[in-house]
Each structure stands twice: as structure tokens, then as C-alpha cells.
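Below is one structure; the comments refer to it alone.
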Amino acid sequence: MAEKKKGNFYEFTKGLIKENPTLVTLLGMCPTLAVTTMASNGIGMGLATTFVLVCSNIAISLLKNVIPKAVRLPCFIVVIASFVTLIEFLLKGYIPALYDSLGLFLSLITVNCIILGRAEAFASKNGVFASALDGLGMGLGFTLALFTMGSVREIIGTGQWMGINLHLPVTMTMFIMPAGGFFTLGCVIALVNKIANRKPPQEIGCAACPNAATCPTFNKTLGGKEAVKEESES
């Protein structure tokens, strides 16, 4: 039971930092660079993608034994497109301002390689609950990446954040332009990789080698040093 809980927890958390679909595996670059001129756009696109990810993962996991392998990819796209159409109707009806801001990129969620990749690599091979957790974790990781980039670009580029005027003395319009998107993405990726790949300091030299115990050169050198040390002490 403990291993199962640990496994479910890992399926949810892996997409946040360690296997973040945008900042680690570099998927979904088009919406990441296009809609992150504002933090609110990043949240909107991220949550819409999360909804499609979770729903499509659940549906594909339920249908994985019914869908023929020869046509699995077209079937996956049909399932994903159905949920994209649903989220488009919901946003257009209830949040028209966000719908207009996201524009064409909302429809392009259908061909977002994050969603199709999780459907092929995970949902089609695992159970419903694990697939839902995988989709939720990956979606929230995508949302976090877009929100972070949108916040940085909006604050530095316009001096505002989520509609709040921060009264910055200097702003750089470049950050809300394509070049600023690439620069911000590179900086955030570097920071995340630094955090995710942080390792404790390691010893340098033969003593740190895993084969030191069976290495004749190391043992001979070690024996010589011990002999010199014993002679000096005597």
C-alpha cells in the first residue's frame, strides 16, 4: 500500500519540476513563447491545457484496450480535439476576454505535443487513476512554467503584474517581444535545471572511484603511503 501511494505521489509530482514538460523536456514551445506576454494569459492557457490533459488521459486510459493499435494516433487526436472544443465553448461563453487573448493558440492545444505525448507514452499503457494524476501533474507543471514566464515578461516589460501597477522606475519593452520570450525561457530553464540537477559535493581522486577496492594501482599506492607513514611515526 505504501509503495502504491508513493507511486501515485510520484506520478503527480514528476511533472512539476523533475520532468516539467516545458522547462525540462522542452515541449509545447509555441504557446509558451506566444501567450506569455502576461501572467494571466499564462494561467489561462495552462489551466485550459491541464483540463484537456486530464480528460484526454482518462478517456484514452479507459479506451486503451478498445482502440486498434494501427489507428491509435488518429483516435487519440479525435479524443483530444473533442475536449479542446469543449474548453473553447466554455471559455467563449464564460470568459470571452481570455478566449480573445489566447486566440488561435487555444485551438492549437489539439496538436500540442505534450498532450499527444502523454497519451502515447503513459495513458495508453496505465490505469485511469495514474493517468489522471499524470495529466494533472504535467498540466500544473506546464501552467507553472507559463505563469512564471508571463510574470517575468509582464513585470519587466510593462511594469505591471496581473493588472497591478508596480511603479517600476525602468521597464524594458523587449521582454514582451519575441526576443524577450526566448531570453526569459532560457533563463528559467537554466534555473530549473540548476535546481533539479543539484548534487552534493563529491570527492575527487582514486578514493572516490567505485572500483578502488579491486584496483591494483590504488592498493599499491595506498600500501606505500601507509608504509611511509608508519616509518615516519617510528
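Quick note on naming: the chains in the C-alpha cells go A, B, ... in the order shown, residues restart at 1 in each chain, and ligands are numbered from 1 in order of appearance.
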Residues of stretch 117-215 of chain A classed as strand (DSSP E) by DSSP on the backbone are to be reported as a VMD selection string. chain A and resid 160 to 161 164 to 165
Any chance you could tabulate, as a Markdown table, the residues of stretch 34-139 of chain A at most 7 Å from stretch 14-27 of chain A with each one's nearest atom pair and distance in Å to one decimal, using only C-alpha atoms, in chain and rising number order?
| residue | atom | partner | partner_atom | distance |
| --- | --- | --- | --- | --- |
| A:Cys113 | CA | A:Leu27 | CA | 6.3 |
| A:Ile114 | CA | A:Leu27 | CA | 5.9 |
| A:Gly137 | CA | A:Gly15 | CA | 5.0 |
| A:Met138 | CA | A:Gly15 | CA | 4.3 |
Save out the residues we just selected, C-alpha atoms, as a CSV table (one decimal), in the first residue's frame.
chain,number,residue,atom,x,y,z
A,113,CYS,CA,2.9,17.6,-28.3
A,114,ILE,CA,2.6,17.5,-24.5
A,137,GLY,CA,0.9,16.9,-12.7
A,138,MET,CA,2.1,17.6,-16.2
Mind checking which residues fall within 8 Å of stretch 131-135 of chain A, counting only C-alpha atoms, ignoring those fewer than 6 positions away in the same chain, and posting them as a count of residues only? 14
Fewer than 5 positions away in the same chain doesn't count, so skip those; otherwise give me all residues within 12 Å of A:Thr36, counting only C-alpha atoms, as a PyMOL selection string. chain A and resi 29-31+41-46+101-102+105+142-155+157+175-178+180-182+184-185
What does the distance from atom CA of A:Ser56 to atom CA of A:Ala39 come to in Å, to one decimal? 25.6 Å
note - atom CA of A:Ser40 and atom CA of A:Ala196 are separated by 26.2 Å
